[in-house]
>>> print(open('input03.tsv').read())   # TSV, C-alpha atoms
chain	number	residue	atom	x	y	z
A	8	MET	CA	-29.86	5.49	16.44
A	9	PHE	CA	-29.89	1.78	17.27
A	10	LEU	CA	-27.44	1.07	14.45
A	11	ASN	CA	-25.04	3.70	15.85
A	12	ILE	CA	-25.20	2.11	19.31
A	13	LYS	CA	-24.69	-1.33	17.77
A	14	ARG	CA	-21.67	-0.10	15.78
A	15	LEU	CA	-20.19	1.56	18.88
A	16	ILE	CA	-20.54	-1.67	20.89
A	17	CYS	CA	-19.12	-3.84	18.11
A	18	GLU	CA	-16.18	-1.59	17.21
A	19	ASN	CA	-15.07	-0.37	20.62
A	20	GLN	CA	-13.73	-3.26	22.70
A	21	THR	CA	-13.94	-1.31	25.97
A	22	VAL	CA	-17.62	-0.49	25.43
A	23	LYS	CA	-18.30	-4.05	24.26
A	24	TYR	CA	-16.84	-5.65	27.38
A	25	ALA	CA	-18.44	-3.03	29.64
A	26	VAL	CA	-21.88	-3.86	28.18
A	27	LEU	CA	-21.20	-7.59	28.38
A	28	SER	CA	-19.96	-7.38	31.99
A	29	LEU	CA	-22.82	-5.22	33.24
A	30	SER	CA	-25.44	-7.37	31.51
A	31	SER	CA	-23.86	-10.52	32.93
A	32	VAL	CA	-24.05	-9.09	36.44
A	33	ILE	CA	-27.76	-8.33	35.88
A	34	GLY	CA	-28.32	-11.85	34.45
A	35	GLY	CA	-26.51	-13.32	37.46
A	36	VAL	CA	-28.60	-11.28	39.91
A	37	LEU	CA	-31.80	-12.58	38.27
A	38	CYS	CA	-30.44	-16.12	38.33
A	39	GLY	CA	-29.63	-15.92	42.05
A	40	LEU	CA	-32.78	-14.00	42.95
A	41	VAL	CA	-35.58	-15.61	40.92
A	42	GLY	CA	-34.00	-18.88	39.75
A	43	ILE	CA	-34.07	-18.31	36.01
A	44	GLY	CA	-31.12	-19.26	33.81
A	45	GLY	CA	-29.97	-15.77	32.89
A	46	GLY	CA	-30.32	-16.45	29.17
A	47	ILE	CA	-33.21	-13.96	29.06
A	48	ILE	CA	-30.59	-11.21	29.42
A	49	LEU	CA	-27.51	-12.80	27.90
A	50	VAL	CA	-28.91	-14.16	24.62
A	51	PRO	CA	-29.75	-10.69	23.23
A	52	VAL	CA	-26.51	-9.26	24.64
A	53	PHE	CA	-24.40	-11.98	22.97
A	54	ALA	CA	-26.34	-11.38	19.75
A	55	LEU	CA	-25.35	-7.71	19.96
A	56	THR	CA	-21.75	-7.96	21.16
A	57	CYS	CA	-20.72	-10.95	19.03
A	58	SER	CA	-22.80	-10.11	15.95
A	59	GLU	CA	-19.73	-10.13	13.69
A	60	ARG	CA	-18.97	-13.75	14.59
A	61	LEU	CA	-22.41	-15.13	15.42
A	62	ALA	CA	-24.63	-14.31	12.49
A	63	ASP	CA	-27.16	-17.06	13.15
A	64	LYS	CA	-29.50	-16.80	16.15
A	65	ARG	CA	-28.97	-20.50	16.85
A	66	ASP	CA	-25.19	-19.94	17.10
A	67	VAL	CA	-25.87	-17.16	19.60
A	68	PHE	CA	-27.98	-19.52	21.68
A	69	THR	CA	-25.36	-22.27	21.58
A	70	CYS	CA	-22.60	-19.86	22.60
A	71	THR	CA	-24.60	-18.23	25.38
A	72	LEU	CA	-25.35	-21.47	27.22
A	73	PRO	CA	-21.73	-22.16	28.30
A	74	ALA	CA	-21.78	-18.75	30.01
A	75	VAL	CA	-25.18	-19.30	31.62
A	76	ILE	CA	-24.71	-22.89	32.82
A	77	PRO	CA	-22.13	-22.01	35.57
A	78	MET	CA	-24.53	-19.37	36.93
A	79	SER	CA	-27.42	-21.83	37.01
A	80	ALA	CA	-25.21	-24.50	38.58
A	81	LEU	CA	-24.04	-22.13	41.34
A	82	SER	CA	-27.60	-21.02	42.07
A	83	ALA	CA	-28.84	-24.63	42.07
A	84	VAL	CA	-26.17	-25.55	44.65
A	85	ARG	CA	-27.23	-22.62	46.80
A	86	TYR	CA	-30.93	-23.57	46.60
A	87	PHE	CA	-29.98	-27.16	47.42
A	88	ASN	CA	-27.95	-26.08	50.46
A	89	GLN	CA	-30.91	-24.03	51.66
A	90	GLY	CA	-33.14	-27.10	51.48
A	91	CYS	CA	-35.25	-25.66	48.65
A	92	VAL	CA	-34.51	-28.52	46.24
A	93	HIS	CA	-35.50	-32.13	46.77
A	94	ILE	CA	-33.64	-34.21	44.22
A	95	GLN	CA	-36.01	-37.19	44.44
A	96	SER	CA	-39.15	-35.17	43.85
A	97	SER	CA	-37.36	-33.23	41.11
A	98	LEU	CA	-36.50	-36.38	39.11
A	99	ILE	CA	-39.98	-36.50	37.60
A	100	PHE	CA	-39.15	-33.19	35.92
A	101	LEU	CA	-35.43	-33.74	35.26
A	102	LEU	CA	-35.57	-36.97	33.24
A	103	PRO	CA	-38.15	-35.65	30.73
A	104	ALA	CA	-36.15	-32.39	30.68
A	105	ALA	CA	-33.01	-34.20	29.49
A	106	ALA	CA	-35.06	-36.07	26.86
A	107	GLY	CA	-36.82	-32.87	25.75
A	108	GLY	CA	-33.46	-31.05	25.61
A	109	ILE	CA	-32.04	-33.75	23.34
A	110	VAL	CA	-35.08	-33.67	21.03
A	111	GLY	CA	-35.00	-29.86	20.98
A	112	GLY	CA	-31.26	-29.92	20.26
A	113	LEU	CA	-31.84	-32.31	17.35
A	114	LEU	CA	-34.57	-30.03	15.98
A	115	LEU	CA	-32.38	-26.92	16.41
A	116	GLY	CA	-31.77	-25.51	12.94
A	117	LYS	CA	-34.32	-27.81	11.31
A	118	ILE	CA	-37.54	-25.98	12.12
A	119	ASN	CA	-38.75	-22.43	11.86
A	120	VAL	CA	-39.01	-21.15	15.41
A	121	LYS	CA	-41.04	-18.02	14.59
A	122	LEU	CA	-44.41	-19.59	15.42
A	123	LEU	CA	-42.93	-21.10	18.57
A	124	ASN	CA	-41.64	-17.68	19.56
A	125	PHE	CA	-45.14	-16.25	19.18
A	126	ILE	CA	-46.72	-18.99	21.29
A	127	PHE	CA	-43.90	-18.73	23.81
A	128	SER	CA	-44.27	-14.96	24.20
A	129	ALA	CA	-48.06	-15.28	24.61
A	130	ILE	CA	-47.56	-17.90	27.35
A	131	MET	CA	-44.98	-15.68	29.07
A	132	ILE	CA	-47.28	-12.66	29.03
A	133	TRP	CA	-50.13	-14.74	30.45
A	134	SER	CA	-47.78	-16.29	33.06
A	135	GLY	CA	-46.40	-12.90	34.06
A	136	ILE	CA	-49.90	-11.51	34.63
A	137	SER	CA	-50.86	-14.66	36.60
A	138	MET	CA	-47.83	-14.27	38.86
A	139	LEU	CA	-48.58	-10.60	39.46
A	140	LEU	CA	-52.16	-11.27	40.51
A	141	PRO	CA	-52.67	-11.84	44.24
B	8	MET	CA	-52.67	-38.50	35.40
B	9	THR	CA	-50.81	-35.74	37.25
B	10	VAL	CA	-47.53	-37.63	36.82
B	11	PHE	CA	-48.17	-37.95	33.08
B	12	PHE	CA	-48.97	-34.22	32.91
B	13	ASP	CA	-45.76	-33.36	34.83
B	14	ILE	CA	-43.71	-35.43	32.39
B	15	ALA	CA	-45.42	-33.94	29.32
B	16	VAL	CA	-45.00	-30.35	30.56
B	17	SER	CA	-41.30	-30.94	31.39
B	18	PHE	CA	-40.64	-32.55	28.02
B	19	LEU	CA	-42.32	-29.72	26.09
B	20	ILE	CA	-40.66	-26.88	28.00
B	21	ALA	CA	-37.26	-28.60	27.72
B	22	GLY	CA	-37.84	-29.06	23.99
B	23	LEU	CA	-38.32	-25.30	23.71
B	24	ALA	CA	-35.09	-24.75	25.66
B	25	GLY	CA	-33.20	-27.15	23.39
B	26	MET	CA	-34.50	-25.35	20.30
B	27	GLY	CA	-33.29	-22.01	21.58
B	28	VAL	CA	-36.72	-20.54	22.22
B	29	GLY	CA	-35.99	-20.51	25.95
B	30	THR	CA	-37.82	-21.71	29.03
B	31	GLY	CA	-38.52	-18.29	30.50
B	32	GLY	CA	-39.09	-19.85	33.88
B	33	LEU	CA	-42.31	-21.44	32.62
B	34	LEU	CA	-41.74	-24.44	34.86
B	35	VAL	CA	-41.80	-22.11	37.88
B	36	VAL	CA	-45.22	-20.87	36.76
B	37	TYR	CA	-46.47	-24.44	36.30
B	38	LEU	CA	-45.11	-25.55	39.69
B	39	THR	CA	-46.40	-22.56	41.65
B	40	LEU	CA	-49.80	-22.10	39.98
B	41	GLY	CA	-50.50	-25.72	38.98
B	42	GLU	CA	-48.73	-27.76	41.64
B	43	ARG	CA	-49.01	-25.17	44.44
B	44	MET	CA	-45.29	-25.49	45.18
B	45	SER	CA	-43.63	-22.70	47.16
B	46	GLN	CA	-41.91	-20.02	45.07
B	47	LEU	CA	-38.38	-20.82	46.31
B	48	THR	CA	-38.75	-24.60	45.87
B	49	ALA	CA	-40.12	-24.08	42.36
B	50	GLN	CA	-37.17	-21.82	41.53
B	51	GLY	CA	-34.73	-24.46	42.79
B	52	VAL	CA	-36.38	-27.20	40.71
B	53	ASN	CA	-36.38	-24.84	37.71
B	54	LEU	CA	-32.61	-24.35	37.94
B	55	LEU	CA	-31.97	-28.12	37.97
B	56	PHE	CA	-34.46	-28.46	35.12
B	57	TYR	CA	-32.67	-25.77	33.12
B	58	LEU	CA	-29.33	-27.56	33.57
B	59	ALA	CA	-30.81	-30.92	32.56
B	60	ALA	CA	-32.46	-29.44	29.47
B	61	SER	CA	-29.64	-27.24	28.22
B	62	ILE	CA	-26.52	-29.37	28.76
B	63	PRO	CA	-27.50	-32.05	26.16
B	64	SER	CA	-28.25	-29.34	23.61
B	65	VAL	CA	-24.89	-27.65	24.20
B	66	LEU	CA	-23.02	-30.95	23.89
B	67	MET	CA	-24.79	-31.70	20.61
B	68	ASN	CA	-24.39	-28.29	19.00
B	69	VAL	CA	-21.17	-26.90	20.38
B	70	LYS	CA	-18.73	-29.34	18.74
B	71	SER	CA	-18.62	-27.74	15.33
B	72	LYS	CA	-18.72	-24.14	16.49
B	73	LYS	CA	-15.90	-21.72	17.18
B	74	LEU	CA	-16.82	-20.33	20.56
B	75	PRO	CA	-16.03	-16.70	21.48
B	76	LEU	CA	-14.16	-17.87	24.58
B	77	LYS	CA	-13.10	-14.46	25.87
B	78	GLU	CA	-16.70	-13.20	25.83
B	79	ILE	CA	-18.03	-16.43	27.39
B	80	LEU	CA	-15.48	-16.30	30.23
B	81	THR	CA	-16.21	-12.60	30.85
B	82	ALA	CA	-19.96	-13.28	31.00
B	83	ALA	CA	-19.50	-16.31	33.25
B	84	PHE	CA	-17.24	-14.42	35.67
B	85	PHE	CA	-19.49	-11.37	36.00
B	86	GLY	CA	-22.59	-13.57	35.96
B	87	LEU	CA	-21.30	-15.58	38.92
B	88	THR	CA	-20.56	-12.31	40.73
B	89	GLY	CA	-24.13	-11.23	40.03
B	90	CYS	CA	-25.42	-14.53	41.43
B	91	PHE	CA	-23.96	-13.69	44.83
B	92	LEU	CA	-25.70	-10.31	44.68
B	93	GLY	CA	-28.91	-12.14	43.80
B	94	PHE	CA	-28.48	-14.50	46.79
B	95	TRP	CA	-28.02	-11.55	49.09
B	96	LEU	CA	-31.11	-9.85	47.66
B	97	SER	CA	-33.22	-13.01	47.93
B	98	ASN	CA	-32.38	-13.21	51.64
B	99	SER	CA	-33.56	-9.63	52.10
B	100	LEU	CA	-36.83	-9.86	50.14
B	101	THR	CA	-40.05	-11.69	50.95
B	102	PRO	CA	-41.14	-14.64	48.71
B	103	ILE	CA	-44.21	-12.63	47.66
B	104	LEU	CA	-42.07	-9.74	46.45
B	105	ILE	CA	-39.74	-12.19	44.66
B	106	ARG	CA	-42.81	-13.68	42.97
B	107	LYS	CA	-43.91	-10.21	41.83
B	108	ILE	CA	-40.42	-9.45	40.47
B	109	PHE	CA	-40.48	-12.80	38.66
B	110	GLY	CA	-43.92	-12.02	37.19
B	111	THR	CA	-42.75	-8.61	35.98
B	112	ILE	CA	-39.67	-10.16	34.31
B	113	LEU	CA	-41.89	-12.74	32.56
B	114	LEU	CA	-44.35	-10.10	31.39
B	115	LEU	CA	-41.61	-7.79	30.06
B	116	SER	CA	-39.68	-10.55	28.31
B	117	GLY	CA	-42.92	-11.88	26.80
B	118	ILE	CA	-43.72	-8.43	25.37
B	119	ILE	CA	-40.13	-7.94	24.12
B	120	THR	CA	-40.09	-11.41	22.50
B	121	ALA	CA	-43.44	-10.72	20.80
B	122	ILE	CA	-42.29	-7.34	19.47
B	123	GLY	CA	-38.96	-8.83	18.31
B	124	THR	CA	-40.72	-11.65	16.48
B	125	LEU	CA	-43.14	-9.24	14.82
B	126	LYS	CA	-40.29	-6.95	13.71
B	127	ASN	CA	-38.40	-9.86	12.11
B	128	LYS	CA	-41.45	-10.95	10.17
>>> encode(input="input03.tsv", output="structure tokens")
Amino acid sequence: MFLNIKRLICENQTVKYAVLSLSSVIGGVLCGLVGIGGGIILVPVFALTCSERLADKRDVFTCTLPAVIPMSALSAVRYFNQGCVHIQSSLIFLLPAAAGGIVGGLLLGKINVKLLNFIFSAIMIWSGISMLLP
Amino acid sequence: MTVFFDIAVSFLIAGLAGMGVGTGGLLVVYLTLGERMSQLTAQGVNLLFYLAASIPSVLMNVKSKKLPLKEILTAAFFGLTGCFLGFWLSNSLTPILIRKIFGTILLLSGIITAIGTLKNK
């Protein structure tokens, strides 16, 4: 069943771009509404729609970011204009973020991310429940 | 101590982003639950954080890759359109409801990531 859907999306360009467009709109809505990058939606969609060209998960990630960055940038500008972002107080998070991004980028492809994925999903489940509690 | 903790948390979450695991909005959780920041401010900081963490990784890894430009441009165009819809929605919803939506997204993506990782084992 899933393989048939995957084949349909990969082989039919109209279906492929319809899926990509709709998912991008949903990713954009989440980005504008809750301030997440949009990669949560677009990484699996790129993995599905570009599977013939992007065999490696890391390639999918690298190719998804250029699509997600404009969305994050637009949302960041909007939050800034609304007075929700204070650049000075954000610097304490941004400088280590750039350093962590560089280290993570250097490690990309060199480590097995399976264990990290497990830890990450456990933290997300715990975080989700914490946010839902009053 | 708090400053050191802020730096360590940012570095670790950004490291995950750079490695392709994702950030999943974890900084928002840390800022709202740990730092008691308002939901909207935490979301704004998270977006800047995401940009700071992901741009270096893209610059380092994108050089040697053949990008599917048509797909990227399509996603960026429709994604930006979606952003405006998201802005409109965020003006209509209360911060508490936005927080609940955010929590649900985290919970669902955590479950999906866990199932996906188990299946690929």
>>> closest_residue(input="input03.tsv", among="A:Cys57, A:Cys38, A:Leu101, A:Leu29", to="Ala80 (chain A)", atoms="only C-alpha atoms")
A:Cys38
>>> residues_near_point(input="input03.tsv", point="(-46.8, -16.5, 39.7)", cutoff="9 Å", atoms="all atoms listed in the file", output="PyMOL selection string")
(chain A and resi 134-141) or (chain B and resi 35-37+39-40+46+106-107+109-110)
>>> residues_around(input="input03.tsv", residues="Gly90 (chain A)", least_positions_apart="5", cutoff="10 Å", atoms="only C-alpha atoms", output="list in words")
Val84 and Arg85 of chain A; Leu47, Thr48 and Gly51 of chain B
>>> residues_around(input="input03.tsv", residues="Gly25 (chain B)", least_positions_apart="5", cutoff="7 Å", atoms="all atoms listed in the file", output="number ranges by chain")
A: 108-109, 111-112; B: 60-61, 64
>>> atom_distance(input="input03.tsv", atom1="CA of Val26 (chain A)", atom2="CA of Ile62 (chain B)")
25.9 Å
>>> closest_residue(input="input03.tsv", among="B:Phe12, B:Lys73, B:Leu87, B:Gly32", to="Leu54 (chain B)", atoms="all atoms listed in the file")
B:Gly32
>>> atom_distance(input="input03.tsv", atom1="CA of Leu122 (chain A)", atom2="CA of Phe68 (chain A)")
17.6 Å
>>> closest_residue(input="input03.tsv", among="B:Met44, B:Leu104, B:Ile119, B:Ala83", to="chain A", atoms="all atoms listed in the file")
B:Ala83
>>> atom_distance(input="input03.tsv", atom1="CA of Ala83 (chain A)", atom2="CA of Ser17 (chain B)")
17.6 Å
>>> closest_residue(input="input03.tsv", among="A:Ile130, A:Gly42, A:Ile47, A:Asp63", to="Cys91 (chain A)", atoms="all atoms listed in the file")
A:Gly42
>>> closest_residue(input="input03.tsv", among="B:Ile112, B:Leu55, B:Ile105, B:Cys90", to="Leu102 (chain A)", atoms="all atoms listed in the file")
B:Leu55
>>> residues_around(input="input03.tsv", residues="Thr81 (chain B)", least_positions_apart="3", cutoff="9 Å", atoms="only C-alpha atoms", output="list of chain:residue names")
A:Tyr24, A:Leu27, A:Ser28, A:Ser31, A:Ala74, B:Leu76, B:Lys77, B:Glu78, B:Phe84, B:Phe85, B:Gly86
>>> residues_around(input="input03.tsv", residues="Val36 (chain A)", least_positions_apart="2", cutoff="12 Å", atoms="all atoms listed in the file", output="ChimeraX atom specification")
/A:29-34,38-45,48,78-79,81-82 /B:85-97,108
>>> residues_near_point(input="input03.tsv", point="(-38.1, -33.6, 24.7)", cutoff="8 Å", atoms="all atoms listed in the file", output="count of residues only")
15
